[in-house]
$ cat my_file_26.txt   # compact mmCIF, C-alpha atoms
# COMPACT_ATOMS: atom_id res chain seq x y z
CA MET A 1 -12.15 16.65 -18.35
CA GLU A 2 -12.16 13.21 -16.71
CA GLN A 3 -14.59 11.76 -19.27
CA LYS A 4 -12.37 13.03 -22.09
CA VAL A 5 -9.33 11.37 -20.56
CA LEU A 6 -11.19 8.12 -20.03
CA SER A 7 -12.26 8.08 -23.66
CA PHE A 8 -8.72 8.39 -24.94
CA ALA A 9 -7.61 5.65 -22.55
CA GLN A 10 -10.32 3.41 -23.93
CA GLU A 11 -9.40 4.08 -27.53
CA ASN A 12 -5.64 3.46 -27.29
CA HIS A 13 -3.97 4.97 -24.29
CA ALA A 14 -0.43 4.63 -25.65
CA SER A 15 -0.67 6.17 -29.12
CA MET A 16 1.50 9.24 -29.48
CA PRO A 17 -1.20 11.91 -30.17
CA LEU A 18 -3.14 10.75 -27.13
CA LEU A 19 0.01 10.61 -25.03
CA GLU A 20 0.50 14.26 -25.94
CA GLN A 21 -3.05 14.90 -24.77
CA LEU A 22 -2.15 13.43 -21.37
CA HIS A 23 0.86 15.75 -21.18
CA ARG A 24 -1.41 18.69 -21.98
CA GLU A 25 -3.90 17.72 -19.30
CA ILE A 26 -1.22 17.40 -16.62
CA ALA A 27 0.47 20.64 -17.68
CA ALA A 28 -2.85 22.53 -17.61
CA PHE A 29 -4.13 20.92 -14.38
CA LYS A 30 -5.52 23.47 -11.89
CA GLU A 31 -8.41 21.70 -10.21
CA TYR A 32 -7.32 22.93 -6.78
CA GLY A 33 -6.59 26.51 -7.78
CA LYS A 34 -2.89 26.20 -8.55
CA GLU A 35 -1.06 26.19 -11.84
CA THR A 36 1.33 23.40 -12.76
CA ALA A 37 5.03 24.19 -12.66
CA CYS A 38 6.81 22.48 -15.54
CA LEU A 39 10.45 21.88 -14.67
CA GLU A 40 13.38 20.03 -16.19
CA PHE A 41 14.52 16.60 -15.11
CA PRO A 42 17.74 17.04 -13.08
CA HIS A 43 19.94 15.20 -15.57
CA PRO A 44 20.83 16.63 -18.99
CA ALA A 45 20.79 13.21 -20.68
CA VAL A 46 17.10 12.65 -19.79
CA ARG A 47 14.66 14.97 -21.52
CA ILE A 48 11.35 14.53 -19.74
CA PRO A 49 9.23 17.14 -17.96
CA VAL A 50 8.77 17.32 -14.21
CA TYR A 51 5.24 18.53 -13.42
CA VAL A 52 4.62 19.98 -9.95
CA ASN A 53 1.16 20.76 -8.62
CA GLU A 54 -1.49 19.67 -6.16
CA PHE A 55 -2.87 16.81 -8.23
CA TRP A 56 -4.57 14.95 -5.38
CA THR A 57 -5.31 16.54 -2.06
CA SER A 58 -6.85 16.29 1.36
CA LYS A 59 -9.57 18.59 -0.03
CA GLN A 60 -10.85 15.71 -2.16
CA ARG A 61 -13.65 13.47 -0.95
CA ALA A 62 -12.48 11.33 1.94
CA ALA A 63 -10.91 8.01 1.03
CA HIS A 64 -13.09 4.92 1.35
CA SER A 65 -13.33 3.48 4.86
CA LEU A 66 -11.95 0.13 3.65
CA HIS A 67 -8.51 1.72 3.39
CA GLU A 68 -8.24 2.39 7.13
CA ILE A 69 -5.60 -0.25 7.83
CA SER A 70 -2.27 0.98 9.15
CA TYR A 71 1.02 0.06 7.47
CA ARG A 72 4.42 1.71 7.28
CA ALA A 73 5.22 3.97 4.32
CA CYS A 74 1.87 3.57 2.56
CA PHE A 75 0.50 6.17 0.17
CA LYS A 76 -2.98 7.68 0.18
CA PRO A 77 -5.70 6.09 -1.99
CA GLN A 78 -6.06 9.34 -3.95
CA LEU A 79 -2.69 8.60 -5.59
CA PRO A 80 -3.64 5.33 -7.34
CA ARG A 81 -7.12 6.72 -8.08
CA PHE A 82 -5.55 9.61 -10.02
CA PHE A 83 -3.78 7.19 -12.38
CA ILE A 84 -6.38 4.41 -12.48
CA THR A 85 -9.14 6.77 -13.65
CA ARG A 86 -6.93 8.32 -16.33
CA LEU A 87 -5.00 5.38 -17.70
CA THR A 88 -7.44 2.46 -17.52
CA VAL A 89 -11.09 1.69 -18.14
CA GLU A 90 -13.48 -0.53 -16.19
CA GLY A 91 -12.47 -4.14 -16.56
CA GLY A 92 -8.79 -3.26 -16.97
CA VAL A 93 -6.06 -4.97 -14.94
CA VAL A 94 -4.23 -2.96 -12.27
CA TYR A 95 -1.20 -4.40 -10.49
CA ASP A 96 0.93 -3.47 -7.46
CA PRO A 97 4.19 -5.48 -7.15
CA PHE A 98 4.89 -3.98 -3.69
CA MET A 99 1.38 -4.41 -2.34
CA GLY A 100 1.92 -3.41 1.31
CA ARG A 101 -1.45 -2.84 2.97
CA GLY A 102 -3.18 -3.14 -0.43
CA THR A 103 -4.06 0.48 -1.21
CA THR A 104 -3.76 0.08 -4.98
CA VAL A 105 -5.52 -3.29 -4.94
CA ILE A 106 -8.52 -2.05 -2.94
CA GLU A 107 -8.85 1.21 -4.87
CA ALA A 108 -8.63 -0.62 -8.21
CA ALA A 109 -11.38 -3.01 -7.13
CA LEU A 110 -13.62 -0.16 -5.95
CA LEU A 111 -13.21 1.32 -9.45
CA ASN A 112 -14.17 -2.00 -11.09
CA ARG A 113 -10.69 -2.93 -12.26
CA LEU A 114 -9.31 -6.43 -11.78
CA PRO A 115 -6.69 -6.15 -8.99
CA LEU A 116 -3.40 -8.03 -8.94
CA GLY A 117 -0.90 -7.73 -6.12
CA CYS A 118 2.42 -9.10 -4.97
CA ASP A 119 4.49 -8.71 -1.84
CA ILE A 120 7.33 -10.72 -0.33
CA ASN A 121 5.75 -10.22 3.11
CA PRO A 122 2.92 -12.74 3.76
CA LEU A 123 1.30 -10.15 6.04
CA SER A 124 0.39 -8.18 2.94
CA ARG A 125 -2.10 -10.73 1.67
CA ILE A 126 -3.45 -11.25 5.20
CA LEU A 127 -4.21 -7.53 5.41
CA THR A 128 -5.55 -7.13 1.85
CA TYR A 129 -7.62 -10.07 0.64
CA PRO A 130 -10.30 -9.95 3.39
CA ARG A 131 -11.17 -6.40 2.26
CA LEU A 132 -12.16 -7.81 -1.12
CA ASN A 133 -14.11 -10.79 0.23
CA LEU A 134 -16.26 -8.89 2.71
CA PRO A 135 -18.33 -10.59 5.44
CA GLU A 136 -21.47 -9.22 7.03
CA ILE A 137 -21.15 -7.73 10.51
CA ALA A 138 -23.64 -10.30 11.79
CA GLU A 139 -21.34 -13.08 10.57
CA VAL A 140 -18.37 -11.55 12.38
CA LYS A 141 -20.33 -11.24 15.64
CA GLU A 142 -21.66 -14.78 15.40
CA ARG A 143 -18.20 -16.21 14.75
CA LEU A 144 -16.60 -14.31 17.63
CA GLU A 145 -19.31 -15.55 19.99
CA ARG A 146 -18.27 -19.12 19.16
CA ILE A 147 -14.58 -18.58 19.98
CA ASP A 148 -13.58 -19.14 23.57
CA LEU A 149 -11.09 -16.41 24.46
CA GLU A 150 -11.06 -17.18 28.18
CA ALA A 151 -9.62 -20.68 28.14
CA PRO A 152 -6.46 -21.14 30.26
CA ARG A 153 -3.36 -20.60 28.12
CA ASP A 154 0.37 -20.32 28.55
CA VAL A 155 1.35 -16.87 27.38
CA ARG A 156 4.55 -15.05 26.52
CA GLU A 157 5.37 -13.22 29.73
CA ASP A 158 7.40 -10.57 27.90
CA LEU A 159 4.27 -9.42 26.03
CA LEU A 160 2.75 -8.26 29.31
CA VAL A 161 4.53 -4.95 28.72
CA PHE A 162 1.88 -4.36 26.03
CA TYR A 163 -1.17 -6.19 27.40
CA HIS A 164 -3.17 -6.77 30.55
CA PRO A 165 -2.96 -10.48 31.51
CA GLU A 166 -6.64 -11.06 30.63
CA THR A 167 -6.22 -9.31 27.29
CA LEU A 168 -3.10 -11.29 26.45
CA ARG A 169 -4.90 -14.54 27.26
CA ALA A 170 -7.69 -13.55 24.88
CA ILE A 171 -5.19 -12.66 22.15
CA VAL A 172 -3.37 -15.97 22.55
CA ASN A 173 -6.64 -17.91 22.41
CA LEU A 174 -7.65 -16.08 19.25
CA ARG A 175 -4.22 -16.69 17.76
CA GLU A 176 -4.39 -20.42 18.48
CA TYR A 177 -7.91 -20.66 17.03
CA LEU A 178 -6.86 -18.93 13.78
CA LEU A 179 -3.64 -20.90 13.38
CA LYS A 180 -5.49 -24.20 13.82
CA ARG A 181 -8.20 -23.19 11.36
CA GLU A 182 -5.52 -22.36 8.81
CA GLU A 183 -3.52 -25.53 9.51
CA HIS A 184 -6.59 -27.72 8.99
CA GLY A 185 -7.71 -25.86 5.85
CA GLU A 186 -10.85 -24.62 7.59
CA MET A 187 -10.25 -20.86 7.50
CA ASP A 188 -13.06 -19.11 5.64
CA GLY A 189 -13.73 -15.48 4.76
CA VAL A 190 -15.08 -14.61 8.21
CA ASP A 191 -12.03 -16.04 9.96
CA ALA A 192 -9.75 -14.21 7.51
CA TRP A 193 -11.55 -10.94 8.24
CA ILE A 194 -11.23 -11.41 12.01
CA ARG A 195 -7.53 -12.22 11.59
CA MET A 196 -7.00 -9.08 9.49
CA VAL A 197 -8.77 -6.81 11.97
CA ALA A 198 -7.03 -8.35 15.00
CA THR A 199 -3.64 -8.02 13.30
CA ASN A 200 -4.37 -4.33 12.81
CA ARG A 201 -5.50 -3.83 16.42
CA LEU A 202 -2.53 -5.42 18.19
CA THR A 203 -0.83 -2.19 19.26
CA GLY A 204 -1.63 1.50 19.06
CA HIS A 205 -2.11 4.68 20.99
CA SER A 206 -5.80 4.65 21.94
CA SER A 207 -8.43 2.46 23.60
CA GLY A 208 -9.33 1.16 20.14
CA PHE A 209 -6.32 -1.16 20.30
CA PHE A 210 -5.61 -4.20 22.44
CA SER A 211 -2.47 -2.67 23.97
CA VAL A 212 -1.56 0.01 26.43
CA TYR A 213 -0.43 3.31 24.86
CA THR A 214 2.46 2.67 22.51
CA MET A 215 3.72 3.77 19.11
CA PRO A 216 1.29 4.39 16.22
CA PRO A 217 -0.24 1.16 14.91
CA ASN A 218 1.90 0.95 11.76
CA GLN A 219 4.84 -0.40 13.73
CA ALA A 220 5.59 -2.30 16.93
CA VAL A 221 8.36 -1.18 19.23
CA SER A 222 10.64 -3.68 20.95
CA ILE A 223 9.92 -5.16 24.35
CA GLU A 224 12.60 -3.00 25.93
CA SER A 225 11.34 0.16 24.22
CA GLN A 226 7.82 -0.49 25.49
CA ARG A 227 9.13 -0.93 29.03
CA LYS A 228 10.69 2.52 28.77
CA ILE A 229 7.44 3.99 27.41
CA ASN A 230 5.54 2.48 30.33
CA GLU A 231 8.03 3.85 32.84
CA ARG A 232 8.06 7.30 31.29
CA ARG A 233 4.27 7.51 31.22
CA ALA A 234 3.80 5.69 34.55
CA GLN A 235 1.32 3.37 32.84
CA THR A 236 0.27 -0.25 33.13
CA PRO A 237 -1.71 -2.12 30.45
CA PRO A 238 -5.47 -1.89 31.09
CA PRO A 239 -7.90 -4.73 30.30
CA ARG A 240 -9.37 -4.54 26.80
CA ASP A 241 -12.41 -6.29 25.34
CA VAL A 242 -10.86 -8.02 22.33
CA LYS A 243 -14.15 -9.07 20.75
CA ALA A 244 -15.73 -5.63 21.16
CA ILE A 245 -12.69 -3.94 19.61
CA ILE A 246 -12.79 -6.27 16.59
CA ILE A 247 -16.51 -5.62 16.06
CA ARG A 248 -16.08 -1.86 16.45
CA LYS A 249 -13.22 -1.75 13.94
CA SER A 250 -15.16 -3.98 11.56
CA ARG A 251 -18.09 -1.58 11.63
CA SER A 252 -15.72 1.31 10.95
CA LEU A 253 -14.06 -0.40 7.98
CA LEU A 254 -17.41 -1.35 6.45
CA ARG A 255 -19.26 1.89 7.13
CA ASN A 256 -18.91 3.27 3.57
CA VAL A 257 -19.56 -0.02 1.78
CA THR A 258 -22.76 -0.08 -0.26
CA LYS A 259 -24.50 -3.30 -1.26
CA SER A 260 -23.42 -2.82 -4.86
CA GLU A 261 -19.80 -2.26 -3.79
CA ALA A 262 -19.80 -5.36 -1.60
CA ALA A 263 -21.16 -7.43 -4.50
CA LEU A 264 -18.58 -5.94 -6.89
CA LEU A 265 -15.69 -6.66 -4.52
CA ARG A 266 -16.79 -10.24 -3.97
CA ARG A 267 -16.99 -10.83 -7.73
CA LEU A 268 -13.51 -9.41 -8.19
CA ALA A 269 -12.15 -11.34 -5.18
CA ALA A 270 -12.89 -14.57 -7.03
CA ARG A 271 -10.62 -13.45 -9.89
CA ALA A 272 -8.06 -11.34 -8.02
CA ARG A 273 -4.54 -12.70 -7.72
CA LEU A 274 -2.55 -11.72 -4.63
CA ILE A 275 0.76 -13.54 -4.50
CA THR A 276 3.53 -13.76 -1.93
CA SER A 277 6.74 -13.49 -3.91
CA SER A 278 9.60 -11.21 -4.89
CA ALA A 279 8.55 -8.42 -7.28
CA GLU A 280 11.27 -9.41 -9.74
CA ARG A 281 9.97 -12.98 -10.10
CA THR A 282 6.22 -13.36 -10.60
CA PRO A 283 5.58 -16.39 -12.83
CA GLY A 284 1.98 -16.44 -11.58
CA ILE A 285 1.25 -13.35 -13.69
CA GLU A 286 1.01 -13.97 -17.43
CA ASP A 287 2.84 -12.00 -20.10
CA ASN A 288 1.12 -8.94 -21.61
CA THR A 289 -1.87 -8.91 -19.26
CA VAL A 290 -1.50 -5.80 -17.04
CA HIS A 291 -2.75 -2.39 -18.17
CA LEU A 292 -1.41 -0.29 -15.29
CA VAL A 293 1.05 -0.68 -12.43
CA VAL A 294 0.79 1.69 -9.47
CA THR A 295 3.32 1.03 -6.73
CA SER A 296 5.78 2.36 -4.20
CA PRO A 297 8.98 0.30 -3.81
CA PRO A 298 11.16 0.08 -0.70
CA PHE A 299 13.13 3.27 -0.23
CA LEU A 300 16.75 3.58 0.79
CA ASP A 301 17.61 3.50 4.50
CA VAL A 302 14.09 4.36 5.55
CA VAL A 303 11.89 1.55 6.83
CA ASN A 304 12.73 -1.77 8.48
CA TYR A 305 9.55 -3.69 7.70
CA ARG A 306 10.75 -6.87 9.41
CA GLN A 307 11.46 -5.07 12.68
CA ASP A 308 8.27 -3.02 12.53
CA ASN A 309 6.10 -6.10 11.97
CA TRP A 310 7.60 -8.52 14.50
CA LEU A 311 4.47 -8.59 16.67
CA ARG A 312 2.13 -8.99 13.70
CA CYS A 313 4.31 -11.85 12.50
CA TRP A 314 4.12 -13.53 15.91
CA PHE A 315 0.32 -13.29 15.96
CA ASN A 316 0.11 -14.86 12.50
CA GLY A 317 2.66 -17.61 13.13
CA ILE A 318 5.21 -16.13 10.72
CA ASP A 319 8.95 -16.29 11.38
CA PRO A 320 10.11 -12.77 10.39
CA ARG A 321 13.58 -14.16 9.68
CA SER A 322 12.07 -16.18 6.82
CA VAL A 323 10.72 -13.05 5.09
CA ASN A 324 13.43 -11.86 2.75
CA ILE A 325 12.41 -8.20 2.60
CA TRP A 326 14.88 -5.96 0.82
CA GLN A 327 16.75 -3.57 3.08
CA LEU A 328 18.67 -1.51 0.55
CA ASN A 329 21.27 0.97 1.76
CA LYS A 330 23.38 1.76 -1.31
CA PRO A 331 22.01 3.71 -4.31
CA GLU A 332 23.63 1.38 -6.82
CA GLU A 333 22.15 -1.65 -5.03
CA TRP A 334 18.67 -0.06 -5.07
CA GLN A 335 19.02 0.77 -8.76
CA GLU A 336 20.10 -2.76 -9.63
CA LYS A 337 17.12 -4.27 -7.79
CA MET A 338 14.68 -1.85 -9.45
CA THR A 339 16.12 -2.71 -12.87
CA GLY A 340 15.15 -6.33 -12.25
CA VAL A 341 11.67 -5.25 -11.13
CA PHE A 342 11.22 -3.07 -14.24
CA ARG A 343 12.19 -5.98 -16.49
CA GLU A 344 9.49 -8.09 -14.87
CA LEU A 345 6.95 -5.28 -15.17
CA LYS A 346 7.76 -4.92 -18.86
CA ARG A 347 7.02 -8.63 -19.27
CA VAL A 348 3.59 -8.51 -17.65
CA LEU A 349 2.44 -5.18 -19.14
CA VAL A 350 0.38 -5.05 -22.30
CA PRO A 351 2.06 -3.14 -25.15
CA GLY A 352 1.51 0.53 -24.36
CA GLY A 353 0.80 -0.25 -20.68
CA TRP A 354 1.78 2.13 -17.92
CA VAL A 355 3.79 2.19 -14.69
CA ALA A 356 3.22 4.89 -12.04
CA PHE A 357 6.26 4.37 -9.82
CA GLU A 358 6.17 6.38 -6.61
CA VAL A 359 9.63 7.25 -5.35
CA GLY A 360 10.81 9.43 -2.51
CA GLU A 361 13.48 11.77 -1.34
CA VAL A 362 15.99 10.23 1.03
CA ARG A 363 18.95 11.47 3.01
CA SER A 364 17.39 14.86 3.81
CA GLY A 365 16.49 15.52 0.20
CA LYS A 366 20.04 15.07 -1.08
CA LEU A 367 18.98 12.07 -3.18
CA LEU A 368 15.80 12.01 -5.27
CA LEU A 369 15.10 8.43 -6.24
CA GLU A 370 13.70 9.34 -9.66
CA THR A 371 17.28 10.01 -10.71
CA LEU A 372 17.96 6.32 -10.06
CA ALA A 373 14.60 4.95 -11.18
CA VAL A 374 14.54 6.53 -14.65
CA PRO A 375 17.89 5.06 -15.83
CA ALA A 376 16.92 1.68 -14.34
CA ALA A 377 13.60 1.71 -16.21
CA MET A 378 15.32 2.67 -19.46
CA ARG A 379 17.78 -0.21 -19.09
CA ALA A 380 14.81 -2.55 -18.65
CA GLY A 381 13.21 -1.31 -21.88
CA LEU A 382 10.54 1.00 -20.46
CA VAL A 383 10.05 4.54 -21.74
CA PRO A 384 10.01 7.41 -19.20
CA GLU A 385 7.32 9.96 -20.04
CA MET A 386 7.21 12.37 -17.11
CA VAL A 387 7.73 12.87 -13.41
CA ILE A 388 4.69 14.06 -11.47
CA VAL A 389 5.34 15.71 -8.11
CA ASN A 390 2.27 16.11 -5.95
CA SER A 391 2.56 18.74 -3.26
CA GLN A 392 -0.02 20.79 -1.41
CA ALA A 393 2.46 23.63 -0.98
CA PHE A 394 5.22 24.44 -3.43
CA THR A 395 7.23 27.27 -4.91
CA LYS A 396 7.84 27.59 -8.64
CA THR A 397 11.51 27.48 -9.53
CA SER A 398 13.69 26.70 -12.50
CA ASN A 399 14.73 23.22 -11.41
CA CYS A 400 13.26 20.61 -9.10
CA TRP A 401 16.28 20.62 -6.78
CA GLY A 402 15.33 24.11 -5.65
CA ILE A 403 11.85 23.42 -4.34
CA GLU A 404 12.57 23.83 -0.66
CA ASN A 405 9.45 22.20 0.71
CA LEU A 406 9.80 19.17 -1.56
CA LYS A 407 12.96 18.13 0.21
CA LYS A 408 11.04 16.05 2.71
CA GLY A 409 9.04 13.03 1.68
CA THR A 410 6.21 13.94 4.05
CA ASN A 411 5.27 16.94 1.91
CA SER A 412 5.08 15.34 -1.50
CA ASN A 413 4.74 12.27 -3.65
CA ARG A 414 7.10 11.88 -6.61
CA ILE A 415 5.87 9.60 -9.36
CA VAL A 416 7.85 8.46 -12.38
CA LEU A 417 5.36 7.68 -15.15
CA LEU A 418 6.67 5.02 -17.53
CA ARG A 419 5.28 3.29 -20.59
CA LYS A 420 5.91 -0.04 -22.26
CA PRO A 421 6.63 0.45 -25.99
CA LEU A 422 3.96 -0.66 -28.43
CA SER A 423 6.51 -3.01 -29.98
CA GLY A 424 9.83 -4.47 -28.92

$ encode --input "my_file_26.txt" --output "structure tokens"
Amino acid sequence: MEQKVLSFAQENHASMPLLEQLHREIAAFKEYGKETACLEFPHPAVRIPVYVNEFWTSKQRAAHSLHEISYRACFKPQLPRFFITRLTVEGGVVYDPFMGRGTTVIEAALLNRLPLGCDINPLSRILTYPRLNLPEIAEVKERLERIDLEAPRDVREDLLVFYHPETLRAIVNLREYLLKREEHGEMDGVDAWIRMVATNRLTGHSSGFFSVYTMPPNQAVSIESQRKINERRAQTPPPRDVKAIIIRKSRSLLRNVTKSEAALLRRLAARARLITSSAERTPGIEDNTVHLVVTSPPFLDVVNYRQDNWLRCWFNGIDPRSVNIWQLNKPEEWQEKMTGVFRELKRVLVPGGWVAFEVGEVRSGKLLLETLAVPAAMRAGLVPEMVIVNSQAFTKTSNCWGIENLKKGTNSNRIVLLRKPLSG
């Protein structure tokens, strides 16, 4: 089945007979033993199907080890893989305008597609690009041996709620080394890798992180919240070996990488474009060049990226107040912003190109964002083709509002699949 789908993508993935073939494949999908429920879109003016099934699953092969970087509200690599393998061919261009931790970018590169990415948060590129331009473990070890992490340093006393004094001194020394290398234009791929790994290891809930026990590593609690955690758990920060933790995490990230994959990623890294910008203004991406967009935009009311990333920003010398991340609370405001994004996506897509736009349920399932995304996309000139709801447990019903266990975003992904017209 997959080879058949790839062949029609290669021929002309937007012609109407082949588009109908894609509909047939999704409607008949039962790779994991379940039949697809075909429902109606919950608005009478929009006539597109809503397909519900287990399209990608934890039963699949494990995701590549390179994806094991924590970030708030990120989707699993199986999601972009599902669309990349069906809607593009090797050498095609895959783009994520809300790059986050880089899931789409890394998965596209592993599948030999040219990755493009954009995110308003400069942390996104810091966390993504080093996983394209991979160093050898020996290079990481040699570089760390050259960095003096024990030099006397003034430290932020308030961060001692997270770190043992010796650990915090090591972190500050590493931070100063990396900031100076960047300032002087001396940062190379090994430094960038060490920075990425250290950024990911700042806080967490095991001995694999620099900190005492705290929240999961995709967010950093406030100083005051960590004091309360320490009091409640009667804990004090233990000493951690910063260099050993970086090497151990590096080995873990690289454990699945073959020599051919490393060579492929390095070749693509030289051509990849990862920009720090707003998704609605990307002049660095040329018109009519992208074959597929796979992305997940900011949801309503859900995640405060600036607050969650304050400690990562500090480590990387970024003022979080300067990062103009959208915090959208009103449905009409969200829809207006997405309309602007869709207009920009229409510009960069090739005629017949695709957008897989992952949206979520917010406000306890009372608002499904596809009902806002589809009209916004239509206003921007994109054509909605279907909504794909991935769930590992669902009940067939006559309309998608009645699927009880799809009312929480943790149980499902909801993807609006859009297409740029062949003309116009």

$ residues_around --input "my_file_26.txt" --residues "stretch 87-99 of chain A" --least-positions-apart "5" --cutoff "6 Å" --atoms "only C-alpha atoms" --output "PyMOL selection string"
chain A and resi 9+112-119+279+290-295+297

$ residues_around --input "my_file_26.txt" --residues "A:Ser260" --least-positions-apart "6" --cutoff "12 Å" --atoms "all atoms listed in the file" --output "PyMOL selection string"
chain A and resi 110-112+266-267

$ residues_near_point --input "my_file_26.txt" --point "(-8.9, 2.1, 8.2)" --cutoff "10 Å" --atoms "only C-alpha atoms" --output "PyMOL selection string"
chain A and resi 63-70+197+200+249-250+252-254

$ atom_distance --input "my_file_26.txt" --atom1 "atom CA of A:Leu127" --atom2 "atom CA of A:Met196"
5.2 Å

$ closest_residue --input "my_file_26.txt" --among "A:Ala376, A:Val350, A:Ile415, A:Val389" --to "A:Glu54" --atoms "all atoms listed in the file"
A:Val389

$ atom_distance --input "my_file_26.txt" --atom1 "atom CA of A:Glu344" --atom2 "atom CA of A:Gly381"
10.4 Å

$ residues_near_point --input "my_file_26.txt" --point "(5.1, 25.1, -17.9)" --cutoff "12 Å" --atoms "all atoms listed in the file" --output "VMD selection string"
chain A and resid 23 to 29 35 to 40 49 to 53 396 to 399

$ atom_distance --input "my_file_26.txt" --atom1 "atom CA of A:Asn288" --atom2 "atom CA of A:Leu382"
13.7 Å

$ closest_atom_pairs --input "my_file_26.txt" --of "stretch 220-269 of chain A" --to "stretch 148-165 of chain A" --cutoff "7 Å" --atoms "all atoms listed in the file" --output "JSON lines"
{"residue": "A:Ile223", "atom": "CA", "partner": "A:Val161", "partner_atom": "CA", "distance": 6.9}
{"residue": "A:Gln226", "atom": "CA", "partner": "A:Val161", "partner_atom": "CA", "distance": 6.4}
{"residue": "A:Arg227", "atom": "CA", "partner": "A:Val161", "partner_atom": "CA", "distance": 6.1}
{"residue": "A:Pro237", "atom": "CA", "partner": "A:His164", "partner_atom": "CA", "distance": 4.9}
{"residue": "A:Pro238", "atom": "CA", "partner": "A:His164", "partner_atom": "CA", "distance": 5.4}
{"residue": "A:Pro239", "atom": "CA", "partner": "A:His164", "partner_atom": "CA", "distance": 5.2}

$ closest_residue --input "my_file_26.txt" --among "A:Ser206, A:Ser412, A:Thr371, A:Thr214" --to "A:Asn390" --atoms "all atoms listed in the file"
A:Ser412

$ closest_residue --input "my_file_26.txt" --among "A:Arg81, A:Trp56, A:Thr282, A:Pro421" --to "A:Lys34" --atoms "all atoms listed in the file"
A:Trp56

$ residues_around --input "my_file_26.txt" --residues "A:Pro351" --least-positions-apart "4" --cutoff "9 Å" --atoms "only C-alpha atoms" --output "ChimeraX atom specification"
/A:14,288,291,346,419-424

$ residues_around --input "my_file_26.txt" --residues "A:Ile318" --least-positions-apart "2" --cutoff "12 Å" --atoms "all atoms listed in the file" --output "number ranges by chain"
A: 121-123, 126, 175, 179, 306, 309-316, 320-323

$ closest_residue --input "my_file_26.txt" --among "A:Leu19, A:Val374, A:Ile229, A:Val242" --to "A:Phe210" --atoms "all atoms listed in the file"
A:Val242

$ closest_residue --input "my_file_26.txt" --among "A:Asn256, A:Arg273, A:Tyr213, A:Gln21" --to "A:Gln235" --atoms "all atoms listed in the file"
A:Tyr213

$ build_atoms --input "my_file_26.txt" --residues "stretch 378-391 of chain A" --atoms "N, CA and C atoms" --output "mmCIF file, in the coordinates of the input"
data_model
loop_
_atom_site.group_PDB
_atom_site.id
_atom_site.type_symbol
_atom_site.label_atom_id
_atom_site.label_comp_id
_atom_site.auth_asym_id
_atom_site.auth_seq_id
_atom_site.Cartn_x
_atom_site.Cartn_y
_atom_site.Cartn_z
ATOM 1 N N MET A 378 14.862 2.626 -18.077
ATOM 2 C CA MET A 378 15.320 2.670 -19.460
ATOM 3 C C MET A 378 16.156 1.435 -19.796
ATOM 4 N N ARG A 379 16.997 1.003 -18.862
ATOM 5 C CA ARG A 379 17.780 -0.210 -19.090
ATOM 6 C C ARG A 379 16.892 -1.443 -19.249
ATOM 7 N N ALA A 380 15.742 -1.421 -18.583
ATOM 8 C CA ALA A 380 14.810 -2.550 -18.650
ATOM 9 C C ALA A 380 13.910 -2.486 -19.884
ATOM 10 N N GLY A 381 13.999 -1.411 -20.653
ATOM 11 C CA GLY A 381 13.210 -1.310 -21.880
ATOM 12 C C GLY A 381 11.920 -0.537 -21.750
ATOM 13 N N LEU A 382 11.709 0.144 -20.621
ATOM 14 C CA LEU A 382 10.540 1.000 -20.460
ATOM 15 C C LEU A 382 10.878 2.430 -20.870
ATOM 16 N N VAL A 383 9.855 3.179 -21.246
ATOM 17 C CA VAL A 383 10.050 4.540 -21.740
ATOM 18 C C VAL A 383 9.576 5.538 -20.681
ATOM 19 N N PRO A 384 10.454 6.386 -20.141
ATOM 20 C CA PRO A 384 10.010 7.410 -19.200
ATOM 21 C C PRO A 384 9.269 8.520 -19.931
ATOM 22 N N GLU A 385 8.114 8.913 -19.396
ATOM 23 C CA GLU A 385 7.320 9.960 -20.040
ATOM 24 C C GLU A 385 7.306 11.257 -19.247
ATOM 25 N N MET A 386 7.270 11.168 -17.931
ATOM 26 C CA MET A 386 7.210 12.370 -17.110
ATOM 27 C C MET A 386 7.439 11.997 -15.659
ATOM 28 N N VAL A 387 7.754 12.999 -14.860
ATOM 29 C CA VAL A 387 7.730 12.870 -13.410
ATOM 30 C C VAL A 387 6.635 13.793 -12.899
ATOM 31 N N ILE A 388 5.775 13.270 -12.044
ATOM 32 C CA ILE A 388 4.690 14.060 -11.470
ATOM 33 C C ILE A 388 4.963 14.202 -9.971
ATOM 34 N N VAL A 389 5.098 15.430 -9.524
ATOM 35 C CA VAL A 389 5.340 15.710 -8.110
ATOM 36 C C VAL A 389 4.075 16.305 -7.531
ATOM 37 N N ASN A 390 3.470 15.604 -6.615
ATOM 38 C CA ASN A 390 2.270 16.110 -5.950
ATOM 39 C C ASN A 390 2.655 16.776 -4.639
ATOM 40 N N SER A 391 2.274 18.024 -4.497
ATOM 41 C CA SER A 391 2.560 18.740 -3.260
ATOM 42 C C SER A 391 1.439 19.725 -2.998
#
